[in-house]
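One file, protein_15.txt, carrying compact mmCIF, C-alpha atoms and all ligand atoms:
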# COMPACT_ATOMS: atom_id res chain seq x y z
CA MET A 1 -0.30 -20.53 9.45
CA HIS A 2 2.25 -18.08 10.84
CA ARG A 3 1.56 -17.38 14.50
CA LEU A 4 3.77 -16.64 17.50
CA THR A 5 3.69 -15.21 20.99
CA LEU A 6 5.46 -11.93 21.75
CA GLY A 7 5.35 -11.23 25.48
CA ASP A 8 1.65 -11.03 26.35
CA PHE A 9 0.62 -10.55 22.70
CA GLU A 10 -0.29 -13.07 20.02
CA LEU A 11 0.88 -12.20 16.49
CA SER A 12 -0.44 -13.81 13.29
CA ILE A 13 0.11 -13.20 9.59
CA PHE A 14 -2.87 -13.08 7.22
CA SER A 15 -2.35 -12.79 3.47
CA ASP A 16 -4.48 -10.99 0.89
CA GLY A 17 -2.89 -13.29 -1.72
CA THR A 18 0.01 -12.72 -4.09
CA TYR A 19 0.50 -10.58 -7.19
CA PRO A 20 3.09 -10.22 -9.95
CA LEU A 21 5.60 -7.37 -9.86
CA ASP A 22 8.27 -6.61 -12.44
CA GLY A 23 11.55 -7.87 -10.97
CA GLY A 24 13.50 -4.88 -12.26
CA ALA A 25 11.16 -2.42 -10.56
CA PHE A 26 11.16 -4.53 -7.38
CA PHE A 27 14.97 -4.45 -7.05
CA GLY A 28 15.78 -1.00 -8.47
CA VAL A 29 19.40 -0.62 -9.52
CA ILE A 30 20.42 -4.15 -8.45
CA PRO A 31 21.38 -6.23 -11.54
CA LYS A 32 19.15 -9.18 -12.40
CA VAL A 33 22.12 -11.59 -12.21
CA MET A 34 22.22 -10.77 -8.49
CA TRP A 35 18.52 -10.59 -7.49
CA SER A 36 17.50 -13.62 -9.59
CA ARG A 37 19.65 -15.79 -7.31
CA LYS A 38 17.36 -14.89 -4.41
CA VAL A 39 13.88 -14.99 -5.95
CA ALA A 40 12.20 -16.97 -8.73
CA VAL A 41 11.36 -14.99 -11.87
CA ASP A 42 9.06 -15.96 -14.77
CA GLU A 43 9.55 -15.50 -18.53
CA ARG A 44 7.94 -12.03 -18.39
CA ASN A 45 10.38 -10.98 -15.64
CA TYR A 46 7.69 -11.03 -12.94
CA VAL A 47 8.33 -12.11 -9.36
CA THR A 48 5.59 -13.32 -7.00
CA THR A 49 4.88 -10.71 -4.35
CA GLY A 50 3.04 -11.32 -1.08
CA LEU A 51 0.49 -9.10 0.67
CA ASN A 52 1.04 -9.76 4.37
CA SER A 53 -1.15 -8.22 7.05
CA LEU A 54 -0.32 -8.60 10.74
CA VAL A 55 -2.96 -9.26 13.39
CA ILE A 56 -2.00 -8.48 16.99
CA ARG A 57 -4.17 -9.70 19.86
CA THR A 58 -3.10 -7.75 22.90
CA GLY A 59 -5.66 -9.24 25.29
CA SER A 60 -7.76 -6.08 25.18
CA HIS A 61 -7.59 -5.17 21.47
CA THR A 62 -7.48 -6.92 18.11
CA VAL A 63 -5.27 -4.83 15.84
CA LEU A 64 -4.90 -5.25 12.07
CA VAL A 65 -1.77 -3.78 10.48
CA GLU A 66 -2.25 -3.16 6.73
CA THR A 67 -5.24 -4.27 4.66
CA GLY A 68 -3.70 -5.58 1.41
CA MET A 69 -4.99 -4.79 -2.07
CA GLY A 70 -8.71 -5.17 -1.42
CA ASN A 71 -11.40 -5.66 -4.08
CA LYS A 72 -11.92 -2.22 -5.62
CA LEU A 73 -9.22 -2.15 -8.32
CA SER A 74 -10.06 -0.71 -11.74
CA GLU A 75 -10.14 -2.99 -14.80
CA ARG A 76 -6.85 -1.46 -15.91
CA MET A 77 -5.11 -2.20 -12.62
CA ILE A 78 -6.52 -5.73 -12.54
CA LYS A 79 -4.77 -6.30 -15.89
CA PHE A 80 -1.44 -5.47 -14.26
CA TYR A 81 -1.84 -6.95 -10.82
CA GLY A 82 -4.83 -9.29 -10.78
CA GLN A 83 -6.94 -8.84 -7.67
CA PRO A 84 -6.42 -11.77 -5.28
CA ALA A 85 -8.73 -10.33 -2.55
CA LYS A 86 -8.17 -13.13 -0.04
CA LEU A 87 -7.75 -11.26 3.24
CA LEU A 88 -11.33 -11.47 4.54
CA ASP A 89 -11.55 -15.19 3.66
CA ASN A 90 -8.26 -15.87 5.42
CA LEU A 91 -9.38 -13.94 8.51
CA ALA A 92 -12.72 -15.81 8.49
CA ALA A 93 -10.87 -19.15 8.36
CA ALA A 94 -9.31 -18.16 11.69
CA ALA A 95 -12.73 -17.11 13.03
CA ILE A 96 -11.96 -13.37 12.83
CA ALA A 97 -14.96 -11.40 11.57
CA PRO A 98 -14.66 -7.78 10.32
CA GLU A 99 -16.58 -6.69 13.46
CA ASP A 100 -13.84 -8.22 15.65
CA ILE A 101 -11.18 -5.74 14.49
CA ASP A 102 -10.82 -2.83 16.96
CA ILE A 103 -7.95 -1.00 15.26
CA VAL A 104 -6.60 -0.80 11.70
CA ILE A 105 -3.16 0.73 11.08
CA ASN A 106 -1.87 1.68 7.59
CA SER A 107 1.88 2.20 7.19
CA HIS A 108 1.22 4.31 4.10
CA LEU A 109 -1.61 4.71 1.60
CA HIS A 110 -0.41 2.91 -1.55
CA PHE A 111 -3.25 0.79 -2.97
CA ASP A 112 -1.60 -2.52 -2.00
CA HIS A 113 -1.44 -1.55 1.69
CA CYS A 114 -4.91 -0.13 2.45
CA GLY A 115 -7.18 -1.80 -0.13
CA TRP A 116 -9.49 -3.55 2.33
CA ASN A 117 -9.92 -0.41 4.45
CA THR A 118 -13.22 0.03 2.62
CA VAL A 119 -15.65 -1.87 0.40
CA ARG A 120 -18.48 -0.86 -1.92
CA ASP A 121 -21.80 -1.66 -0.29
CA GLY A 122 -24.91 -2.78 -2.23
CA SER A 123 -25.80 0.75 -3.34
CA ASP A 124 -22.24 1.35 -4.61
CA LYS A 125 -21.44 3.60 -1.64
CA ILE A 126 -18.07 3.23 0.06
CA ALA A 127 -18.29 1.73 3.56
CA PRO A 128 -15.66 0.76 6.12
CA THR A 129 -14.84 -2.96 5.87
CA PHE A 130 -14.19 -3.09 9.62
CA PRO A 131 -17.23 -1.22 10.95
CA ARG A 132 -16.17 -0.96 14.61
CA ALA A 133 -12.51 -0.18 13.96
CA LYS A 134 -10.62 3.02 14.53
CA TYR A 135 -8.30 3.52 11.57
CA TYR A 136 -4.85 5.18 11.70
CA ALA A 137 -2.56 6.43 8.90
CA PRO A 138 0.33 8.91 8.57
CA GLU A 139 -0.88 12.48 8.19
CA GLY A 140 1.94 13.47 5.83
CA GLU A 141 1.11 10.51 3.62
CA TRP A 142 -2.55 11.52 3.43
CA GLN A 143 -1.61 15.12 2.57
CA TYR A 144 0.72 13.84 -0.16
CA ALA A 145 -1.93 11.43 -1.49
CA ARG A 146 -4.20 14.40 -2.24
CA ARG A 147 -1.61 15.73 -4.71
CA PRO A 148 0.71 12.85 -5.62
CA SER A 149 3.43 13.20 -8.25
CA LEU A 150 2.75 11.96 -11.77
CA ARG A 151 5.18 9.16 -11.03
CA ASP A 152 3.14 7.51 -8.28
CA ALA A 153 -0.40 8.89 -8.75
CA ILE A 154 -1.53 5.41 -9.88
CA SER A 155 -0.68 4.08 -6.41
CA TYR A 156 -3.30 6.19 -4.61
CA ILE A 157 -7.02 5.27 -4.59
CA PRO A 158 -8.85 7.91 -2.50
CA GLU A 159 -11.82 5.56 -1.79
CA ASN A 160 -9.45 3.62 0.49
CA TYR A 161 -9.07 6.48 2.98
CA ASP A 162 -10.94 9.73 2.18
CA PRO A 163 -14.40 8.40 3.18
CA LEU A 164 -12.90 7.25 6.52
CA VAL A 165 -11.33 10.65 7.17
CA GLU A 166 -14.61 12.38 6.24
CA ARG A 167 -16.66 10.32 8.70
CA GLY A 168 -14.10 10.81 11.47
CA GLN A 169 -13.18 7.11 11.55
CA MET A 170 -9.54 7.59 10.49
CA THR A 171 -7.06 9.40 12.73
CA LEU A 172 -4.02 10.93 11.03
CA LEU A 173 -0.75 10.53 12.94
CA LYS A 174 2.49 12.51 12.91
CA GLY A 175 4.72 9.54 13.84
CA GLY A 176 5.87 8.61 17.35
CA GLU A 177 2.36 8.10 18.78
CA GLU A 178 1.40 5.09 20.90
CA ILE A 179 -1.97 3.86 19.60
CA VAL A 180 -2.67 1.33 22.37
CA PRO A 181 -0.23 0.26 25.09
CA GLY A 182 2.66 -1.55 23.34
CA ILE A 183 1.75 -0.54 19.77
CA SER A 184 3.24 2.62 18.30
CA VAL A 185 4.30 4.12 14.96
CA LYS A 186 7.61 5.60 13.85
CA THR A 187 8.40 7.44 10.61
CA PHE A 188 10.98 5.85 8.28
CA PRO A 189 11.36 8.00 5.13
CA GLY A 190 12.58 6.56 1.84
CA HIS A 191 9.85 4.55 0.13
CA THR A 192 7.65 7.62 0.66
CA ALA A 193 8.45 10.69 2.73
CA HIS A 194 6.13 9.84 5.63
CA MET A 195 5.80 6.02 5.77
CA HIS A 196 5.30 4.62 9.26
CA ALA A 197 6.67 1.38 10.67
CA VAL A 198 4.53 -0.23 13.38
CA LEU A 199 6.36 -1.21 16.57
CA VAL A 200 4.88 -3.94 18.75
CA GLN A 201 6.37 -4.28 22.24
CA SER A 202 5.45 -6.54 25.13
CA ARG A 203 7.48 -7.71 28.12
CA GLY A 204 10.80 -6.62 26.64
CA GLN A 205 10.22 -8.26 23.25
CA THR A 206 9.76 -6.24 20.06
CA ALA A 207 8.40 -6.91 16.59
CA CYS A 208 8.39 -4.31 13.82
CA TYR A 209 6.19 -4.18 10.73
CA ILE A 210 8.76 -2.34 8.64
CA SER A 211 6.52 -2.19 5.55
CA ASP A 212 8.05 -1.07 2.24
CA LEU A 213 11.34 0.03 3.81
CA ILE A 214 12.39 -3.67 3.70
CA PRO A 215 9.61 -5.36 1.71
CA THR A 216 11.05 -8.92 1.60
CA THR A 217 13.93 -10.98 3.00
CA ALA A 218 15.61 -10.48 -0.41
CA HIS A 219 15.80 -6.73 0.35
CA ILE A 220 17.63 -6.90 3.70
CA ASP A 221 20.98 -5.65 2.37
CA ILE A 222 21.30 -1.92 3.14
CA THR A 223 21.62 -0.93 -0.55
CA TRP A 224 18.93 -3.23 -1.99
CA GLY A 225 16.06 -0.74 -2.28
CA MET A 226 13.05 -0.92 -4.59
CA GLY A 227 12.83 1.04 -7.86
CA PHE A 228 9.52 2.38 -6.47
CA ASP A 229 11.25 4.23 -3.61
CA LEU A 230 10.76 7.97 -4.05
CA TYR A 231 13.82 8.84 -1.93
CA PRO A 232 16.38 6.04 -2.35
CA LEU A 233 19.13 7.73 -0.32
CA ASP A 234 16.68 8.15 2.58
CA THR A 235 15.82 4.44 2.29
CA ILE A 236 19.50 3.63 2.93
CA GLU A 237 19.66 6.01 5.92
CA SER A 238 16.40 4.66 7.38
CA LYS A 239 17.58 1.05 6.99
CA LYS A 240 20.81 1.92 8.81
CA GLN A 241 18.83 3.50 11.65
CA TYR A 242 16.45 0.55 11.80
CA TYR A 243 19.20 -2.07 11.94
CA ALA A 244 21.13 -0.08 14.57
CA GLN A 245 18.18 -0.75 16.90
CA ALA A 246 16.68 -3.96 15.55
CA ILE A 247 19.80 -6.13 15.27
CA PRO A 248 21.30 -5.69 18.77
CA ALA A 249 17.85 -5.81 20.43
CA LYS A 250 16.82 -8.90 18.38
CA TRP A 251 13.60 -7.44 16.99
CA LEU A 252 11.38 -9.64 14.89
CA THR A 253 11.02 -7.98 11.46
CA VAL A 254 7.73 -8.41 9.58
CA PHE A 255 8.03 -8.31 5.76
CA THR A 256 5.02 -6.89 3.98
CA HIS A 257 5.66 -8.34 0.48
CA ASP A 258 7.52 -11.63 1.12
CA ALA A 259 5.33 -14.45 -0.20
CA LYS A 260 7.31 -17.14 1.67
CA THR A 261 8.89 -15.62 4.78
CA PRO A 262 6.58 -13.07 6.40
CA TRP A 263 8.83 -12.56 9.41
CA ALA A 264 12.40 -13.25 10.50
CA TYR A 265 15.24 -11.94 12.68
CA VAL A 266 17.75 -9.92 10.64
CA GLU A 267 21.32 -10.56 11.78
CA LYS A 268 24.82 -9.69 10.56
CA ASP A 269 26.99 -12.72 9.78
CA ASP A 270 30.76 -12.91 10.40
CA LEU A 271 31.48 -11.23 7.05
CA GLY A 272 29.14 -8.33 7.85
CA LYS A 273 26.44 -9.56 5.46
CA MET A 274 22.77 -9.32 6.47
CA VAL A 275 21.04 -12.66 6.92
CA ALA A 276 17.41 -13.47 7.81
CA ARG A 277 17.14 -16.06 10.58
CA PRO A 278 13.74 -17.77 10.52
CA ALA A 279 11.41 -17.02 13.46
ZN ZN A 301 4.27 1.41 -1.09
As structure tokens - that is how I would like this structure written.
Ligand SMILES: [Zn+2]
Amino acid sequence: MHRLTLGDFELSIFSDGTYPLDGGAFFGVIPKVMWSRKVAVDERNYVTTGLNSLVIRTGSHTVLVETGMGNKLSERMIKFYGQPAKLLDNLAAAAIAPEDIDIVINSHLHFDHCGWNTVRDGSDKIAPTFPRAKYYAPEGEWQYARRPSLRDAISYIPENYDPLVERGQMTLLKGGEEIVPGISVKTFPGHTAHMHAVLVQSRGQTACYISDLIPTTAHIDITWGMGFDLYPLDTIESKKQYYAQAIPAKWLTVFTHDAKTPWAYVEKDDLGKMVARPA
């Protein structure tokens, strides 16, 4: 169980399980001889990828950042990724019911980040998984998701967000908004054009759910982007900007896809190399 206190807030990690991703796609242009020193890889070249959601209890709100892969994948996608679907069970084990979640925040709308936003109810209608929650997502991301490129169309499943927008339960954000006191979003382009990081601040301490800008501790080097990134040069610029704030101010970084280390402090060692210091 990963749990810590940040100022007045309590932060916990809840996983939706793990899934296999092609190591080459996960590490983009980085040669396998380099990335395979950092992560285990199987005979098919797959690496085990985590699906980490963050729960923040502020004292007045229970906030869920990211909702994993969910349970609505098509047969074809299940062949590629499986469908671990463990988030609700893991929340229940910590006595968190869907009705307890006040706010859901999606960093972007790829299927492995907003899958549990909704479920199919008995009559095959789409219903919000967290009935009382207000949902938030980047507006630019939602606009893009309506007409994605051929390259990443497979990553968008409209049932995860369109029914919420239609019923007025999802608010679309420009970036920069404070959602509740101490929790705000900031745009970091690169993985997609409009992806939001979620900043959590209490009593001078900061944590940041940096999402797919730095998906795992193996991606902390400035140039180690994912092959999935639509704008790789922007990923480098955004990482530079992030570290310029996060390293001197000792922010806790939350890693969305790290199956072993969901959060850590990124530091620069004496040789200028990025290292992840355990929280
Ligand atoms: Zn993504």
Residues of chain A within 9 Å of ligand ZN 301 (chain A): nearest atom pair and distance (Å, one decimal) for each, counting only C-alpha atoms and all ligand atoms, sorted by chain and number, as CSV?
residue,atom,partner,partner_atom,distance
A:Ser107,CA,A:ZN301,ZN,8.7
A:His108,CA,A:ZN301,ZN,6.7
A:Leu109,CA,A:ZN301,ZN,7.3
A:His110,CA,A:ZN301,ZN,4.9
A:Phe111,CA,A:ZN301,ZN,7.8
A:Asp112,CA,A:ZN301,ZN,7.1
A:His113,CA,A:ZN301,ZN,7.0
A:Ser155,CA,A:ZN301,ZN,7.7
A:His191,CA,A:ZN301,ZN,6.5
A:Thr192,CA,A:ZN301,ZN,7.3
A:Met195,CA,A:ZN301,ZN,8.4
A:Ser211,CA,A:ZN301,ZN,7.9
A:Asp212,CA,A:ZN301,ZN,5.6
A:Leu213,CA,A:ZN301,ZN,8.7
A:Phe228,CA,A:ZN301,ZN,7.6
A:Asp229,CA,A:ZN301,ZN,7.9
Go ahead and dump the residues you just picked, C-alpha atoms, as an mmCIF file, in the frame of the given file.
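Saved result, result.cif, follows:
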data_model
loop_
_atom_site.group_PDB
_atom_site.id
_atom_site.type_symbol
_atom_site.label_atom_id
_atom_site.label_comp_id
_atom_site.auth_asym_id
_atom_site.auth_seq_id
_atom_site.Cartn_x
_atom_site.Cartn_y
_atom_site.Cartn_z
ATOM 1 C CA SER A 107 1.880 2.200 7.190
ATOM 2 C CA HIS A 108 1.220 4.310 4.100
ATOM 3 C CA LEU A 109 -1.610 4.710 1.600
ATOM 4 C CA HIS A 110 -0.410 2.910 -1.550
ATOM 5 C CA PHE A 111 -3.250 0.790 -2.970
ATOM 6 C CA ASP A 112 -1.600 -2.520 -2.000
ATOM 7 C CA HIS A 113 -1.440 -1.550 1.690
ATOM 8 C CA SER A 155 -0.680 4.080 -6.410
ATOM 9 C CA HIS A 191 9.850 4.550 0.130
ATOM 10 C CA THR A 192 7.650 7.620 0.660
ATOM 11 C CA MET A 195 5.800 6.020 5.770
ATOM 12 C CA SER A 211 6.520 -2.190 5.550
ATOM 13 C CA ASP A 212 8.050 -1.070 2.240
ATOM 14 C CA LEU A 213 11.340 0.030 3.810
ATOM 15 C CA PHE A 228 9.520 2.380 -6.470
ATOM 16 C CA ASP A 229 11.250 4.230 -3.610
#
(-8.1, -7.4, 24.1) in this file's frame - what residues fall within 12 Å of it? Use all atoms listed in the file and give the answer as number ranges by chain.
A: 8-10, 56-63, 100-103, 180-181
Atom CA of Cys114 of chain A to atom CA of Glu141 of chain A: how many Å, to one decimal?
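Taking atom CA of Cys114 of chain A as the start and atom CA of Glu141 of chain A as the end point, the length is 12.3 Å.
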Skipping near chain neighbours, those fewer than 2 positions away, what residues fall within 6 Å of Leu54 of chain A using only C-alpha atoms, listed as a list in words?
Ser12, Ile13, Leu64 and Val65 of chain A
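Using all atoms listed in the file, the nearest neighbour of Lys174 of chain A within the list A:Phe80, A:Tyr136, A:Tyr46, A:Phe14 is A:Tyr136.
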Can you pull out the residues contacting Glu237 of chain A? Cut-off 10 Å, using only C-alpha atoms, and skip same-chain residues under 4 positions away; I want them as a PyMOL selection string.
chain A and resi 188-190+222-223+232-233+241-242
For atom CA of Val275 of chain A and atom CA of Ile247 of chain A, determine how far apart the two atoms are, in Å to one decimal place.
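Here the two named atoms are 10.7 Å from each other.
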Could I get segment 176-244 of chain A from the block written as a PDB file, in the first residue's frame, with C-alpha atoms?
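Saved result, result_26.pdb, follows:
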ATOM      1  CA  GLY A 176      -4.348  26.504 -15.102  1.00  0.00           C
ATOM      2  CA  GLU A 177      -7.637  26.099 -13.197  1.00  0.00           C
ATOM      3  CA  GLU A 178      -7.802  25.289  -9.482  1.00  0.00           C
ATOM      4  CA  ILE A 179     -10.445  22.568  -9.077  1.00  0.00           C
ATOM      5  CA  VAL A 180     -10.589  22.594  -5.264  1.00  0.00           C
ATOM      6  CA  PRO A 181      -8.236  24.498  -2.954  1.00  0.00           C
ATOM      7  CA  GLY A 182      -4.755  22.971  -3.406  1.00  0.00           C
ATOM      8  CA  ILE A 183      -5.551  20.902  -6.514  1.00  0.00           C
ATOM      9  CA  SER A 184      -5.004  22.423  -9.950  1.00  0.00           C
ATOM     10  CA  VAL A 185      -4.140  21.423 -13.523  1.00  0.00           C
ATOM     11  CA  LYS A 186      -1.381  22.637 -15.825  1.00  0.00           C
ATOM     12  CA  THR A 187      -0.884  21.859 -19.517  1.00  0.00           C
ATOM     13  CA  PHE A 188       2.300  19.986 -20.497  1.00  0.00           C
ATOM     14  CA  PRO A 189       2.303  19.341 -24.269  1.00  0.00           C
ATOM     15  CA  GLY A 190       4.261  16.492 -25.833  1.00  0.00           C
ATOM     16  CA  HIS A 191       2.515  13.169 -25.291  1.00  0.00           C
ATOM     17  CA  THR A 192      -0.590  14.895 -26.660  1.00  0.00           C
ATOM     18  CA  ALA A 193      -1.042  18.585 -27.388  1.00  0.00           C
ATOM     19  CA  HIS A 194      -3.260  19.321 -24.375  1.00  0.00           C
ATOM     20  CA  MET A 195      -2.362  16.806 -21.634  1.00  0.00           C
ATOM     21  CA  HIS A 196      -2.756  18.136 -18.099  1.00  0.00           C
ATOM     22  CA  ALA A 197      -0.575  17.385 -15.093  1.00  0.00           C
ATOM     23  CA  VAL A 198      -2.359  17.540 -11.730  1.00  0.00           C
ATOM     24  CA  LEU A 199      -0.662  19.642  -9.052  1.00  0.00           C
ATOM     25  CA  VAL A 200      -1.418  18.906  -5.408  1.00  0.00           C
ATOM     26  CA  GLN A 201      -0.264  21.531  -2.897  1.00  0.00           C
ATOM     27  CA  SER A 202      -0.714  21.755   0.855  1.00  0.00           C
ATOM     28  CA  ARG A 203       1.253  23.655   3.488  1.00  0.00           C
ATOM     29  CA  GLY A 204       4.183  24.360   1.182  1.00  0.00           C
ATOM     30  CA  GLN A 205       4.527  20.767  -0.044  1.00  0.00           C
ATOM     31  CA  THR A 206       3.777  19.760  -3.637  1.00  0.00           C
ATOM     32  CA  ALA A 207       3.080  16.518  -5.472  1.00  0.00           C
ATOM     33  CA  CYS A 208       2.532  16.320  -9.222  1.00  0.00           C
ATOM     34  CA  TYR A 209       0.749  13.616 -11.193  1.00  0.00           C
ATOM     35  CA  ILE A 210       2.800  14.162 -14.328  1.00  0.00           C
ATOM     36  CA  SER A 211       0.969  11.456 -16.312  1.00  0.00           C
ATOM     37  CA  ASP A 212       2.396  10.373 -19.680  1.00  0.00           C
ATOM     38  CA  LEU A 213       4.977  13.175 -19.792  1.00  0.00           C
ATOM     39  CA  ILE A 214       7.165  10.973 -17.513  1.00  0.00           C
ATOM     40  CA  PRO A 215       5.298   7.654 -17.375  1.00  0.00           C
ATOM     41  CA  THR A 216       7.806   5.665 -15.245  1.00  0.00           C
ATOM     42  CA  THR A 217      11.026   6.135 -13.277  1.00  0.00           C
ATOM     43  CA  ALA A 218      12.813   4.623 -16.313  1.00  0.00           C
ATOM     44  CA  HIS A 219      11.704   7.677 -18.353  1.00  0.00           C
ATOM     45  CA  ILE A 220      13.128  10.420 -16.109  1.00  0.00           C
ATOM     46  CA  ASP A 221      16.021  11.335 -18.417  1.00  0.00           C
ATOM     47  CA  ILE A 222      15.051  14.426 -20.452  1.00  0.00           C
ATOM     48  CA  THR A 223      15.426  12.641 -23.820  1.00  0.00           C
ATOM     49  CA  TRP A 224      13.776   9.319 -22.884  1.00  0.00           C
ATOM     50  CA  GLY A 225      10.311   9.886 -24.353  1.00  0.00           C
ATOM     51  CA  MET A 226       7.782   7.273 -25.429  1.00  0.00           C
ATOM     52  CA  GLY A 227       7.291   6.249 -29.073  1.00  0.00           C
ATOM     53  CA  PHE A 228       3.599   7.090 -28.497  1.00  0.00           C
ATOM     54  CA  ASP A 229       4.335  10.798 -27.960  1.00  0.00           C
ATOM     55  CA  LEU A 230       2.721  12.815 -30.746  1.00  0.00           C
ATOM     56  CA  TYR A 231       5.099  15.773 -30.286  1.00  0.00           C
ATOM     57  CA  PRO A 232       8.454  14.408 -29.064  1.00  0.00           C
ATOM     58  CA  LEU A 233      10.283  17.750 -29.170  1.00  0.00           C
ATOM     59  CA  ASP A 234       7.539  19.283 -27.010  1.00  0.00           C
ATOM     60  CA  THR A 235       7.949  16.380 -24.563  1.00  0.00           C
ATOM     61  CA  ILE A 236      11.603  17.402 -24.112  1.00  0.00           C
ATOM     62  CA  GLU A 237      10.674  21.074 -23.609  1.00  0.00           C
ATOM     63  CA  SER A 238       7.883  20.209 -21.155  1.00  0.00           C
ATOM     64  CA  LYS A 239      10.186  17.919 -19.149  1.00  0.00           C
ATOM     65  CA  LYS A 240      12.763  20.713 -18.926  1.00  0.00           C
ATOM     66  CA  GLN A 241      10.090  23.114 -17.667  1.00  0.00           C
ATOM     67  CA  TYR A 242       8.781  20.562 -15.193  1.00  0.00           C
ATOM     68  CA  TYR A 243      12.192  19.758 -13.719  1.00  0.00           C
ATOM     69  CA  ALA A 244      13.094  23.465 -13.486  1.00  0.00           C
TER      70      ALA A 244
END
